[in-house]
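Dropping query.cif in here (mmCIF, C-alpha atoms and all ligand atoms):
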```cif
data_protein
loop_
_atom_site.label_atom_id
_atom_site.label_comp_id
_atom_site.auth_asym_id
_atom_site.auth_seq_id
_atom_site.Cartn_x
_atom_site.Cartn_y
_atom_site.Cartn_z
CA MET A 414 0.00 0.00 0.00
CA ARG A 415 1.16 3.51 -0.76
CA ILE A 416 0.36 6.31 1.63
CA ARG A 417 0.62 10.05 1.18
CA PHE A 418 -0.13 12.57 3.90
CA TRP A 419 -1.92 15.67 2.61
CA GLY A 420 -3.02 17.03 5.98
CA THR A 421 -1.69 16.07 9.41
CA ARG A 422 -2.83 18.93 11.66
CA GLY A 423 -5.68 18.62 14.14
CA SER A 424 -8.59 20.92 14.86
CA ILE A 425 -7.85 23.95 12.66
CA PRO A 426 -5.57 24.67 9.70
CA LYS A 427 -2.35 26.22 10.91
CA PRO A 428 -0.14 27.39 8.06
CA GLY A 429 2.87 29.53 8.85
CA PRO A 430 6.62 29.58 9.32
CA ALA A 431 6.47 27.42 12.48
CA THR A 432 4.62 24.56 10.78
CA VAL A 433 6.22 24.27 7.34
CA ARG A 434 7.74 20.85 7.91
CA TYR A 435 4.85 18.92 9.48
CA GLY A 436 2.26 21.02 7.70
CA GLY A 437 -0.72 23.21 8.49
CA ASN A 438 -3.55 21.41 6.69
CA THR A 439 -6.06 19.29 8.58
CA SER A 440 -6.54 15.53 8.25
CA CYS A 441 -6.36 13.96 4.81
CA VAL A 442 -4.45 10.81 3.86
CA GLU A 443 -4.32 9.22 0.41
CA VAL A 444 -4.07 5.43 0.25
CA ARG A 445 -3.45 3.45 -2.93
CA ALA A 446 -3.68 -0.30 -3.15
CA ASP A 447 -3.11 -1.32 -6.75
CA SER A 448 -5.75 0.66 -8.63
CA THR A 449 -7.98 1.32 -5.61
CA LEU A 450 -7.98 4.90 -4.37
CA ILE A 451 -9.00 5.52 -0.78
CA VAL A 452 -8.98 8.94 0.88
CA LEU A 453 -9.01 8.96 4.68
CA ASP A 454 -10.77 12.09 5.93
CA CYS A 455 -11.41 15.23 3.97
CA GLY A 456 -9.85 18.05 5.97
CA THR A 457 -8.20 20.99 4.25
CA GLY A 458 -5.39 18.74 2.97
CA ALA A 459 -7.96 17.36 0.51
CA HIS A 460 -7.77 20.58 -1.49
CA GLU A 461 -4.25 19.93 -2.75
CA LEU A 462 -4.92 16.20 -3.17
CA GLY A 463 -7.94 17.04 -5.32
CA GLN A 464 -5.92 19.51 -7.40
CA GLN A 465 -3.28 16.86 -8.04
CA LEU A 466 -5.86 14.21 -8.92
CA VAL A 467 -7.58 16.33 -11.55
CA ALA A 468 -4.28 17.64 -12.94
CA GLY A 469 -2.96 14.12 -13.52
CA ARG A 470 -2.88 12.40 -16.86
CA SER A 471 -5.99 10.42 -16.04
CA VAL A 472 -8.49 11.75 -13.53
CA PRO A 473 -9.49 8.78 -11.38
CA LYS A 474 -12.98 7.65 -12.34
CA ARG A 475 -13.70 6.23 -8.95
CA GLY A 476 -12.64 6.82 -5.37
CA HIS A 477 -13.65 5.98 -1.82
CA LEU A 478 -13.73 8.59 0.88
CA LEU A 479 -13.61 7.19 4.42
CA ILE A 480 -14.47 9.81 7.02
CA THR A 481 -13.71 9.13 10.68
CA HIS A 482 -16.31 11.64 11.86
CA THR A 483 -17.87 14.86 10.72
CA HIS A 484 -16.08 17.35 12.94
CA TRP A 485 -15.12 20.33 10.89
CA ASP A 486 -11.40 19.58 10.61
CA HIS A 487 -12.23 16.25 8.91
CA ILE A 488 -14.76 17.49 6.32
CA GLN A 489 -13.78 21.09 5.60
CA GLY A 490 -11.97 20.11 2.41
CA PHE A 491 -15.02 18.30 1.03
CA PRO A 492 -16.58 21.29 -0.78
CA PHE A 493 -13.12 22.07 -2.22
CA PHE A 494 -12.25 18.53 -3.36
CA ALA A 495 -11.93 19.00 -7.13
CA PRO A 496 -12.79 15.42 -8.26
CA LEU A 497 -16.31 15.96 -6.93
CA PHE A 498 -16.77 18.59 -9.63
CA VAL A 499 -15.77 16.26 -12.49
CA PRO A 500 -18.74 14.86 -14.45
CA GLY A 501 -18.59 11.10 -14.86
CA SER A 502 -16.49 10.43 -11.77
CA GLU A 503 -17.92 8.36 -8.94
CA TRP A 504 -17.22 8.71 -5.25
CA ASP A 505 -18.43 6.56 -2.41
CA VAL A 506 -18.43 8.42 0.87
CA TYR A 507 -18.43 6.53 4.18
CA ALA A 508 -18.86 7.86 7.70
CA PRO A 509 -20.33 6.73 11.02
CA ARG A 510 -24.11 6.65 11.23
CA GLN A 511 -25.56 9.44 13.34
CA LEU A 512 -28.94 9.66 14.92
CA GLY A 513 -31.38 12.17 13.48
CA ARG A 514 -29.44 13.26 10.40
CA THR A 515 -28.17 11.45 7.33
CA LEU A 516 -24.58 11.77 6.15
CA GLU A 517 -25.82 13.58 3.05
CA GLU A 518 -27.65 16.10 5.23
CA ILE A 519 -24.58 16.65 7.40
CA LEU A 520 -22.22 17.20 4.45
CA GLY A 521 -24.87 19.30 2.74
CA GLY A 522 -25.18 21.37 5.93
CA GLN A 523 -21.69 22.82 5.64
CA MET A 524 -22.51 23.66 2.00
CA HIS A 525 -25.74 25.45 2.88
CA ARG A 526 -25.83 28.84 1.16
CA THR A 527 -25.12 30.52 4.50
CA TYR A 528 -21.62 29.03 4.36
CA PHE A 529 -20.83 28.10 0.78
CA PRO A 530 -21.94 29.19 -2.71
CA ILE A 531 -22.50 25.77 -4.32
CA PRO A 532 -25.03 23.35 -2.80
CA LEU A 533 -24.15 19.68 -2.41
CA GLY A 534 -26.70 18.64 -5.01
CA GLU A 535 -24.89 20.60 -7.73
CA LEU A 536 -21.64 18.65 -7.51
CA ALA A 537 -21.12 17.00 -10.90
CA ALA A 538 -19.75 13.66 -9.71
CA THR A 539 -21.99 10.76 -8.79
CA ILE A 540 -21.77 10.54 -5.00
CA ARG A 541 -23.08 7.63 -2.98
CA TYR A 542 -23.34 7.89 0.81
CA HIS A 543 -22.77 5.00 3.18
CA GLU A 544 -23.43 5.17 6.91
CA LEU A 545 -21.36 2.77 8.94
CA THR A 546 -21.28 1.08 12.31
CA GLU A 547 -18.66 -1.46 13.37
CA GLY A 548 -18.06 -4.14 10.79
CA VAL A 549 -16.04 -5.43 7.87
CA PHE A 550 -16.45 -4.73 4.16
CA ASP A 551 -14.37 -4.83 0.99
CA LEU A 552 -13.38 -2.03 -1.34
CA ASP A 553 -12.07 -3.98 -4.35
CA ASP A 554 -9.17 -5.97 -2.87
CA VAL A 555 -8.91 -3.88 0.29
CA ARG A 556 -10.54 -5.30 3.40
CA VAL A 557 -11.84 -2.53 5.66
CA THR A 558 -12.58 -3.07 9.34
CA THR A 559 -14.24 -0.29 11.32
CA ARG A 560 -14.03 0.25 15.05
CA TYR A 561 -15.60 2.93 17.22
CA LEU A 562 -13.24 5.51 18.63
CA ASN A 563 -13.71 7.40 21.89
CA HIS A 564 -14.60 10.95 20.85
CA PRO A 565 -17.29 13.54 21.60
CA ALA A 566 -18.91 12.72 18.20
CA PRO A 567 -19.59 9.27 16.69
CA ALA A 568 -16.21 8.37 15.20
CA LEU A 569 -14.77 5.29 13.50
CA GLY A 570 -11.22 4.13 12.98
CA TYR A 571 -10.39 2.23 9.79
CA ARG A 572 -8.13 -0.77 9.44
CA LEU A 573 -7.17 -1.42 5.81
CA GLU A 574 -5.69 -4.73 4.74
CA ALA A 575 -4.45 -5.64 1.28
CA GLY A 576 -1.62 -7.63 -0.21
CA GLY A 577 -0.54 -8.93 3.19
CA VAL A 578 -0.04 -5.50 4.79
CA SER A 579 -2.24 -3.58 7.17
CA VAL A 580 -2.62 0.11 7.90
CA VAL A 581 -4.74 1.42 10.78
CA TYR A 582 -6.05 4.97 10.79
CA ALA A 583 -7.24 5.88 14.28
CA THR A 584 -7.52 9.57 14.83
CA ASP A 585 -9.65 11.58 17.17
CA HIS A 586 -9.58 9.00 19.91
CA GLU A 587 -9.14 9.36 23.64
CA PRO A 588 -8.03 6.45 25.80
CA HIS A 589 -11.03 5.03 27.66
CA SER A 590 -9.24 4.76 30.96
CA ARG A 591 -7.36 7.58 32.60
CA HIS A 592 -5.68 4.99 34.77
CA HIS A 593 -2.82 4.29 32.47
CA PRO A 594 -0.72 1.30 33.52
CA GLU A 595 2.73 2.30 34.73
CA ALA A 596 4.14 -0.89 33.27
CA ARG A 597 3.96 -0.59 29.51
CA GLY A 598 3.84 -3.19 26.80
CA GLU A 599 1.53 -6.11 27.41
CA ALA A 600 0.38 -4.96 30.82
CA ALA A 601 -3.36 -5.23 31.25
CA ARG A 602 -5.40 -2.09 30.72
CA VAL A 603 -7.94 -1.16 33.30
CA HIS A 604 -10.63 -0.60 30.71
CA ARG A 605 -11.73 -3.39 28.37
CA GLU A 606 -12.31 -0.92 25.55
CA ASP A 607 -8.62 0.02 25.64
CA GLU A 608 -7.76 -3.66 25.21
CA ARG A 609 -10.15 -3.72 22.29
CA HIS A 610 -8.45 -0.69 20.78
CA ILE A 611 -5.08 -2.42 21.04
CA GLU A 612 -6.57 -5.45 19.29
CA PHE A 613 -7.72 -3.15 16.50
CA LEU A 614 -4.11 -1.96 16.03
CA ARG A 615 -2.67 -5.47 16.52
CA GLY A 616 0.32 -6.28 14.31
CA ALA A 617 -0.30 -3.40 11.90
CA ASP A 618 2.52 -2.46 9.56
CA LEU A 619 1.59 1.18 10.02
CA VAL A 620 -0.58 2.82 12.65
CA ILE A 621 -1.59 6.44 12.04
CA HIS A 622 -2.74 7.53 15.46
CA ASP A 623 -4.13 10.57 17.21
CA SER A 624 -1.24 12.16 19.11
CA THR A 625 -2.68 15.59 19.75
CA TYR A 626 -1.37 16.20 23.26
CA THR A 627 1.71 15.67 25.31
CA LEU A 628 1.42 13.84 28.59
CA GLU A 629 1.88 17.14 30.48
CA GLU A 630 -0.93 18.83 28.57
CA TYR A 631 -3.39 15.95 28.87
CA PRO A 632 -4.70 16.50 32.44
CA SER A 633 -6.05 19.92 31.44
CA ARG A 634 -7.75 18.49 28.32
CA LEU A 635 -9.50 15.42 29.63
CA SER A 636 -12.56 14.29 27.65
CA TRP A 637 -11.72 16.46 24.63
CA GLY A 638 -11.38 13.21 22.71
CA HIS A 639 -7.66 12.95 21.98
CA THR A 640 -4.63 10.87 22.96
CA PRO A 641 -1.35 12.10 24.40
CA ALA A 642 1.43 11.04 22.00
CA GLU A 643 3.22 9.05 24.70
CA TRP A 644 0.16 6.85 25.16
CA ALA A 645 -0.18 6.39 21.41
CA VAL A 646 3.32 4.90 21.62
CA ASP A 647 2.23 2.61 24.45
CA PHE A 648 -0.76 1.43 22.41
CA ALA A 649 1.45 0.75 19.38
CA VAL A 650 3.99 -1.10 21.54
CA ALA A 651 1.28 -3.23 23.16
CA ALA A 652 -0.21 -3.96 19.73
CA GLN A 653 3.24 -4.87 18.32
CA ALA A 654 2.74 -2.50 15.41
CA ARG A 655 5.75 -2.01 13.14
CA ARG A 656 5.53 1.74 12.58
CA LEU A 657 3.66 4.51 14.31
CA ALA A 658 2.88 7.84 12.65
CA LEU A 659 2.03 10.50 15.21
CA PHE A 660 -0.90 12.37 13.68
CA HIS A 661 -3.44 15.17 14.29
CA HIS A 662 -0.77 17.53 15.60
CA ASP A 663 -2.07 20.15 17.97
CA PRO A 664 -2.46 23.50 16.15
CA SER A 665 -0.11 25.17 18.61
CA ARG A 666 2.63 22.53 18.20
CA THR A 667 5.51 24.05 16.21
CA ASP A 668 7.79 21.91 14.04
CA ARG A 669 10.45 22.14 16.71
CA ALA A 670 8.01 21.01 19.40
CA VAL A 671 6.93 18.08 17.21
CA ASP A 672 10.60 17.10 16.88
CA GLU A 673 10.98 17.12 20.65
CA LEU A 674 7.84 15.07 21.06
CA VAL A 675 9.13 12.50 18.55
CA THR A 676 12.39 12.24 20.48
CA ARG A 677 10.53 11.65 23.73
CA CYS A 678 8.26 9.10 22.10
CA ARG A 679 11.20 7.19 20.62
CA GLU A 680 12.82 7.02 24.05
CA ARG A 681 9.62 5.46 25.35
CA VAL A 682 9.85 2.50 22.95
CA PRO A 683 11.45 -0.49 24.66
CA GLY A 684 14.77 -1.47 23.08
CA GLU A 685 13.73 -4.76 21.53
CA GLY A 686 11.32 -4.94 18.67
CA GLY A 687 9.34 -1.77 19.31
CA PRO A 688 7.70 0.26 16.57
CA GLU A 689 9.52 2.88 14.52
CA VAL A 690 8.00 6.18 15.63
CA PHE A 691 7.79 9.30 13.48
CA ALA A 692 5.54 12.30 13.11
CA ALA A 693 3.40 12.37 9.98
CA ALA A 694 4.39 15.31 7.77
CA GLU A 695 2.34 16.93 5.04
CA GLY A 696 3.65 15.75 1.67
CA GLN A 697 5.29 12.67 3.16
CA TYR A 698 5.02 9.56 1.05
CA LEU A 699 5.36 6.01 2.33
CA VAL A 700 5.24 2.59 0.82
CA VAL A 701 4.00 0.03 3.31
CA VAL A 702 5.45 -3.40 2.63
CA ARG A 703 5.94 -6.39 4.82
CA PRO A 704 9.57 -6.79 5.73
CA GLY A 705 11.18 -9.42 3.54
CA THR A 706 8.89 -11.31 1.23
CA GLY A 707 7.02 -13.44 3.74
CA THR A 708 3.49 -12.39 4.47
CA ALA A 709 2.70 -15.23 6.87
CA THR A 710 3.21 -13.37 10.11
CA ALA A 711 3.31 -16.40 12.39
CA ALA A 712 6.05 -18.16 10.43
CA ALA A 713 8.01 -14.95 9.99
CA GLY A 714 8.01 -14.17 13.71
CA ALA A 715 11.71 -14.72 14.27
CA ALA A 716 12.71 -12.82 11.18
CA ARG A 717 10.47 -9.94 12.13
CA THR A 718 12.14 -9.47 15.47
CA ALA A 719 15.46 -9.02 13.75
CA GLU A 720 13.94 -6.55 11.34
CA ARG A 721 11.95 -4.66 13.88
CA ASN A 722 14.53 -2.19 14.99
CA PRO A 723 14.47 -0.14 11.85
CA SER A 724 15.46 3.25 13.16
CA SER A 725 18.76 1.98 14.51
CA ASP A 726 20.26 0.12 11.59
CA LYS A 727 18.49 1.31 8.45
CA ALA A 728 20.28 3.95 6.46
CA THR A 729 18.18 7.09 6.20
CA ILE A 730 17.90 8.81 2.84
CA LEU A 731 16.41 12.28 2.51
CA ILE A 732 14.99 13.07 -0.92
CA ALA A 733 13.87 16.57 -1.88
CA ASP A 734 12.00 17.15 -5.13
CA ASP A 735 9.07 19.44 -5.84
CA ASP A 736 7.58 16.89 -8.24
CA ALA A 737 5.45 14.57 -6.11
CA ASP A 738 5.37 11.91 -8.82
CA VAL A 739 9.17 11.78 -9.01
CA LEU A 740 9.28 11.44 -5.22
CA ALA A 741 6.76 8.61 -5.36
CA VAL A 742 8.81 6.62 -7.86
CA ILE A 743 11.99 7.08 -5.83
CA VAL A 744 10.35 6.13 -2.54
CA GLU A 745 8.83 3.03 -4.13
CA THR A 746 12.29 1.99 -5.28
CA LEU A 747 14.15 2.69 -2.03
CA GLU A 748 11.73 1.65 0.73
CA PRO A 749 11.45 -2.02 -0.28
CA GLU A 750 15.27 -2.13 -0.19
CA GLY A 751 15.08 -1.47 3.54
CA TYR A 752 15.99 2.20 3.58
CA ARG A 753 14.23 4.73 5.75
CA VAL A 754 13.19 7.41 3.27
CA LEU A 755 12.31 10.96 4.24
CA THR A 756 10.86 13.32 1.70
CA ALA A 757 10.60 17.06 1.27
CA THR A 758 9.03 19.07 -1.51
CA ASP A 759 11.01 22.27 -1.12
CA GLY A 760 14.56 23.25 -0.36
CA GLU A 761 14.04 25.09 2.89
CA VAL A 762 12.22 22.13 4.42
CA ALA A 763 14.93 19.79 3.12
CA LEU A 764 17.59 21.87 4.86
CA GLN A 765 15.72 21.88 8.16
CA MET A 766 15.09 18.14 7.93
CA THR A 767 18.78 17.52 7.24
CA ARG A 768 19.72 19.32 10.44
CA VAL A 769 17.06 17.63 12.55
CA GLU A 770 16.95 14.10 11.14
CA ARG A 771 20.63 13.80 10.21
CA PRO A 772 20.11 11.40 7.31
CA ASP A 773 22.96 9.28 5.95
CA ILE A 774 22.65 10.79 2.50
CA VAL A 775 20.77 13.71 0.94
CA VAL A 776 19.34 13.71 -2.57
CA LEU A 777 18.33 17.13 -3.92
CA ASP A 778 16.56 18.25 -7.03
CA TRP A 779 18.29 21.33 -8.41
CA MET A 780 15.15 23.26 -9.30
CA MET A 781 12.85 23.67 -6.31
CA PRO A 782 10.66 26.52 -5.10
CA GLY A 783 12.11 28.73 -2.40
CA ARG A 784 15.62 27.42 -1.91
CA ASP A 785 17.07 25.43 -4.80
CA GLY A 786 19.18 22.29 -4.50
CA LEU A 787 22.51 24.08 -4.99
CA SER A 788 21.71 26.53 -2.22
CA VAL A 789 20.66 23.71 0.14
CA CYS A 790 23.94 21.94 -0.61
CA ARG A 791 25.97 25.07 0.11
CA GLU A 792 24.21 25.48 3.46
CA ILE A 793 24.83 21.84 4.36
CA ARG A 794 28.55 22.28 3.62
CA ARG A 795 28.61 25.35 5.89
CA ASP A 796 26.83 23.63 8.78
CA SER A 797 28.46 24.00 12.17
CA ASP A 798 28.04 20.29 12.83
CA PRO A 799 30.93 18.58 11.02
CA LYS A 800 28.87 15.40 10.54
CA VAL A 801 26.16 17.33 8.71
CA ALA A 802 28.71 19.31 6.71
CA ALA A 803 30.31 16.08 5.48
CA LEU A 804 27.11 14.32 4.38
CA PRO A 805 27.08 12.89 0.88
CA VAL A 806 24.81 15.07 -1.26
CA VAL A 807 23.54 13.87 -4.62
CA LEU A 808 22.08 16.47 -6.98
CA ILE A 809 19.55 15.35 -9.56
CA THR A 810 18.83 17.67 -12.43
CA GLY A 811 17.88 18.02 -16.03
CA ARG A 812 20.63 20.63 -16.45
CA ALA A 813 23.44 18.63 -17.91
CA ASP A 814 25.87 20.94 -19.68
CA ALA A 815 29.46 21.29 -18.57
CA GLN A 816 28.98 24.62 -16.79
CA ASP A 817 25.98 23.33 -14.80
CA THR A 818 27.90 20.26 -13.74
CA ALA A 819 30.86 22.39 -12.70
CA ASP A 820 28.52 24.69 -10.73
CA GLY A 821 27.17 21.65 -8.93
CA PHE A 822 30.57 20.41 -7.84
CA ASP A 823 31.59 23.98 -6.88
CA ALA A 824 28.59 24.06 -4.53
CA GLY A 825 29.93 20.95 -2.86
CA VAL A 826 27.77 18.20 -4.31
CA THR A 827 29.18 14.72 -3.95
CA ASP A 828 27.55 13.30 -7.04
CA TYR A 829 25.49 14.56 -9.91
CA LEU A 830 22.78 12.53 -11.60
CA THR A 831 21.20 13.72 -14.82
CA LYS A 832 17.51 13.30 -15.57
CA PRO A 833 15.99 11.19 -16.91
CA PHE A 834 17.39 8.25 -15.01
CA LYS A 835 16.04 4.90 -13.95
CA PRO A 836 15.23 4.61 -10.22
CA THR A 837 17.40 1.50 -10.07
CA HIS A 838 20.27 3.64 -11.30
CA LEU A 839 19.75 6.09 -8.45
CA LEU A 840 19.57 3.15 -6.04
CA ALA A 841 22.92 1.82 -7.25
CA ARG A 842 24.57 5.25 -6.93
CA LEU A 843 23.17 5.80 -3.44
CA GLN A 844 24.31 2.37 -2.33
CA SER A 845 27.81 3.07 -3.54
CA TRP A 846 27.93 6.40 -1.68
CA LEU A 847 26.55 4.86 1.50
CA MET A 848 29.19 2.12 1.33
CA ARG A 849 31.92 4.68 0.77
CA SER A 850 30.83 6.94 3.63
CA GLN A 851 30.65 3.95 6.00
CA ARG A 852 34.17 2.96 5.02
CA ASP A 853 35.63 6.45 5.55
ZN ZN B 1 -9.96 16.24 14.49
ZN ZN B 2 -12.92 15.43 16.23
#
```
As structure tokens, how would this structure be written, given the file I've shared?
Amino acid sequence: MRIRFWGTRGSIPKPGPATVRYGGNTSCVEVRADSTLIVLDCGTGAHELGQQLVAGRSVPKRGHLLITHTHWDHIQGFPFFAPLFVPGSEWDVYAPRQLGRTLEEILGGQMHRTYFPIPLGELAATIRYHELTEGVFDLDDVRVTTRYLNHPAPALGYRLEAGGVSVVYATDHEPHSRHHPEARGEAARVHREDERHIEFLRGADLVIHDSTYTLEEYPSRLSWGHTPAEWAVDFAVAAQARRLALFHHDPSRTDRAVDELVTRCRERVPGEGGPEVFAAAEGQYLVVVRPGTGTATAAAGAARTAERNPSSDKATILIADDDADVLAVIVETLEPEGYRVLTATDGEVALQMTRVERPDIVVLDWMMPGRDGLSVCREIRRDSDPKVAALPVVLITGRADAQDTADGFDAGVTDYLTKPFKPTHLLARLQSWLMRSQRD
């Protein structure tokens, strides 16, 4: 399954200089499983997703929109989701059943003329509405399991399974018990619903989980319907999930504060076999594969343990390119090879991520909005941390004449790769640079 985060912020959009890396748009996650397109939530991140979908070579004829609940930050992008305006396209919209009002009435409500100029009924696409309770159903080859979340509005989490991998999307959820066990891991929860929640996450290859608060903030926000990030880690550990994406970032959480929270959360993971923890970032692209080729989890148990400490021994590659499709192809090539791949879509973000994440190698597109690849490379070479300053930097560019190449090396690039190139070619070059930097 391929995942792209279009909105990771909770509650209200929060664009600005303090949120450029993790993003300001509210919940929206694109999931692709073969040709099936699933969109998880329709917060303001859905605007850019919709723009990209209709700008592509073929506008998808069909999509499924799975809404956790109809709080504003999860549906505000709906009236701005461009595929809904395309005649001939078909969208199936799913959300929890509510008493007294249909889903169509609720979504139509925010498009009432008091709030929005175009009524729901005038959208050109064929839209079918489905009201859900707990259960299991199939979207093409994707098995979907729904589970109630603990939130002030009826809310459902979604577990998606296809091709032997599983992704759980559980946002806007508060732990049922405030009596959190001191002993983490498998320790029994006081509340049976918390055990049930852990079962819902059980063994997932990726859990995208509400992490709105910190543990210090939580006591003043009880019953607001959200999880402190540290407890999201405990849930993922107890469920033996492989990766945990902290999600639904508090609007007042700056990029720097998210970094600190990630560090604290990683320290909370027990040394052996715990999940890889990261904070979901707008624009981030992931390919979820089972480690190795085996999909039979029981038989692969021993192998999994060895593979389950990814943050410590996987080389980390940071790729910056403003073309999302190029990024997607590169990530799909590198992730199955066992690399941890970080992505950025502009130069300034790439530079900040280099300083914070300290990848093993940096790959930069020359032409990017804001700060271009050459400028990022120059800044890396000037960094006060000698380890950062010495990182291998590979520049990828369509500019191939002798002067361009010389300019690249003058800026301090380690290697220069000319477009177009095959992803396998990039992989081979990166592997050679990683081997060389390990040897030095
Ligand atoms: Zn929310
Ligand atoms: Zn909510």
Could you make a table, as a Markdown table, of the residues of chain A that have an atom within 10 Å of an atom of ligand ZN 2 (chain B), each with its nearest atom pair and distance in Å to one decimal, counting all atoms listed in the file, in chain and number order?
```
| residue | atom | partner | partner_atom | distance |
| --- | --- | --- | --- | --- |
| A:Gly423 | CA | B:ZN2 | ZN | 8.2 |
| A:Ser424 | CA | B:ZN2 | ZN | 7.1 |
| A:Thr481 | CA | B:ZN2 | ZN | 8.4 |
| A:His482 | CA | B:ZN2 | ZN | 6.7 |
| A:Thr483 | CA | B:ZN2 | ZN | 7.4 |
| A:His484 | CA | B:ZN2 | ZN | 4.9 |
| A:Trp485 | CA | B:ZN2 | ZN | 7.6 |
| A:Asp486 | CA | B:ZN2 | ZN | 7.1 |
| A:His487 | CA | B:ZN2 | ZN | 7.4 |
| A:Asn563 | CA | B:ZN2 | ZN | 9.9 |
| A:His564 | CA | B:ZN2 | ZN | 6.7 |
| A:Pro565 | CA | B:ZN2 | ZN | 7.2 |
| A:Ala566 | CA | B:ZN2 | ZN | 6.9 |
| A:Pro567 | CA | B:ZN2 | ZN | 9.1 |
| A:Ala568 | CA | B:ZN2 | ZN | 7.9 |
| A:Thr584 | CA | B:ZN2 | ZN | 8.1 |
| A:Asp585 | CA | B:ZN2 | ZN | 5.1 |
| A:His586 | CA | B:ZN2 | ZN | 8.1 |
| A:Trp637 | CA | B:ZN2 | ZN | 8.5 |
| A:Gly638 | CA | B:ZN2 | ZN | 7.0 |
| A:His639 | CA | B:ZN2 | ZN | 8.2 |
| A:His661 | CA | B:ZN2 | ZN | 9.7 |
```
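When CA of Asp817 in chain A is paired with CA of Glu770 in chain A, their separation reads 29.0 Å.
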**OP:** Kindly give the distance, in Å, that separates CA of Ala658 in chain A and CA of Glu443 in chain A, rounded to a single decimal.
**Re:**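 Computing the Euclidean distance for CA of Ala658 in chain A and CA of Glu443 in chain A yields 14.3 Å.
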Subject >> Within 8 Å of Ile488 in chain A using only C-alpha atoms, minus same-chain residues under 6 positions, as a PyMOL selection string >> reply: chain A and resi 454-457+480+520
**OP:** Select all residues near (3.5, 0.1, -1.1) (cut-off 8 Å, inclusive, file coordinates), counting all atoms listed in the file, and output them as a list in words.
**Re:**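 The answer, in the requested form, is Met414, Arg415, Ile416, Arg445, Ala446, Leu699, Val700, Val701, Val702 and Glu745 of chain A.
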Mind checking which residues fall within 12 Å of Cys441 in chain A, counting only C-alpha atoms, ignoring those fewer than 5 positions away in the same chain, and posting them as a compact mmCIF listing (two decimals) with C-alpha atoms, in the coordinates of the input?
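Now in selection17.txt:
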```
# COMPACT_ATOMS: atom_id res chain seq x y z
CA ILE A 416 0.36 6.31 1.63
CA ARG A 417 0.62 10.05 1.18
CA PHE A 418 -0.13 12.57 3.90
CA TRP A 419 -1.92 15.67 2.61
CA GLY A 420 -3.02 17.03 5.98
CA THR A 421 -1.69 16.07 9.41
CA ARG A 422 -2.83 18.93 11.66
CA GLY A 423 -5.68 18.62 14.14
CA PRO A 426 -5.57 24.67 9.70
CA GLY A 436 2.26 21.02 7.70
CA ILE A 451 -9.00 5.52 -0.78
CA VAL A 452 -8.98 8.94 0.88
CA LEU A 453 -9.01 8.96 4.68
CA ASP A 454 -10.77 12.09 5.93
CA CYS A 455 -11.41 15.23 3.97
CA GLY A 456 -9.85 18.05 5.97
CA THR A 457 -8.20 20.99 4.25
CA GLY A 458 -5.39 18.74 2.97
CA ALA A 459 -7.96 17.36 0.51
CA HIS A 460 -7.77 20.58 -1.49
CA GLU A 461 -4.25 19.93 -2.75
CA LEU A 462 -4.92 16.20 -3.17
CA GLY A 463 -7.94 17.04 -5.32
CA LEU A 478 -13.73 8.59 0.88
CA LEU A 479 -13.61 7.19 4.42
CA ILE A 480 -14.47 9.81 7.02
CA THR A 481 -13.71 9.13 10.68
CA ASP A 486 -11.40 19.58 10.61
CA HIS A 487 -12.23 16.25 8.91
CA ILE A 488 -14.76 17.49 6.32
CA GLN A 489 -13.78 21.09 5.60
CA GLY A 490 -11.97 20.11 2.41
CA PHE A 491 -15.02 18.30 1.03
CA PHE A 494 -12.25 18.53 -3.36
CA TYR A 582 -6.05 4.97 10.79
CA THR A 584 -7.52 9.57 14.83
CA ILE A 621 -1.59 6.44 12.04
CA PHE A 660 -0.90 12.37 13.68
CA HIS A 661 -3.44 15.17 14.29
CA ALA A 693 3.40 12.37 9.98
CA ALA A 694 4.39 15.31 7.77
CA GLU A 695 2.34 16.93 5.04
CA GLY A 696 3.65 15.75 1.67
CA GLN A 697 5.29 12.67 3.16
```
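Using only C-alpha atoms, the residues found no farther than 12 Å from Gly811 in chain A, other than those of its own chain fewer than 6 positions away, are Asp778, Trp779, Met780, Asp817, Thr818, Tyr829, Leu830, Thr831, Lys832, Pro833 and Phe834 of chain A.
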Write the residues of the preceding selection, restricted to C-alpha atoms, as a PDB file, in the frame of the given file.
```pdb
ATOM      1  CA  ASP A 778      16.560  18.250  -7.030  1.00  0.00           C
ATOM      2  CA  TRP A 779      18.290  21.330  -8.410  1.00  0.00           C
ATOM      3  CA  MET A 780      15.150  23.260  -9.300  1.00  0.00           C
ATOM      4  CA  ASP A 817      25.980  23.330 -14.800  1.00  0.00           C
ATOM      5  CA  THR A 818      27.900  20.260 -13.740  1.00  0.00           C
ATOM      6  CA  TYR A 829      25.490  14.560  -9.910  1.00  0.00           C
ATOM      7  CA  LEU A 830      22.780  12.530 -11.600  1.00  0.00           C
ATOM      8  CA  THR A 831      21.200  13.720 -14.820  1.00  0.00           C
ATOM      9  CA  LYS A 832      17.510  13.300 -15.570  1.00  0.00           C
ATOM     10  CA  PRO A 833      15.990  11.190 -16.910  1.00  0.00           C
ATOM     11  CA  PHE A 834      17.390   8.250 -15.010  1.00  0.00           C
TER      12      PHE A 834
END
```
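Across the structure, CA of Leu777 in chain A and CA of Asp759 in chain A are spaced 9.4 Å apart.
Each of A:Asp736, A:Leu731, A:Thr439, A:Arg470 was checked against ligand ZN 1 (chain B) using all atoms listed in the file; the smallest atom-to-atom distance is that of A:Thr439.
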Original post:
Looking at all atoms listed in the file, which of A:Thr756, A:Ser502, A:Thr640, A:Thr515 is the one that sits closest to ligand ZN 1 (chain B)?
Top reply: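 So, comparing all the options, the nearest one is A:Thr640.
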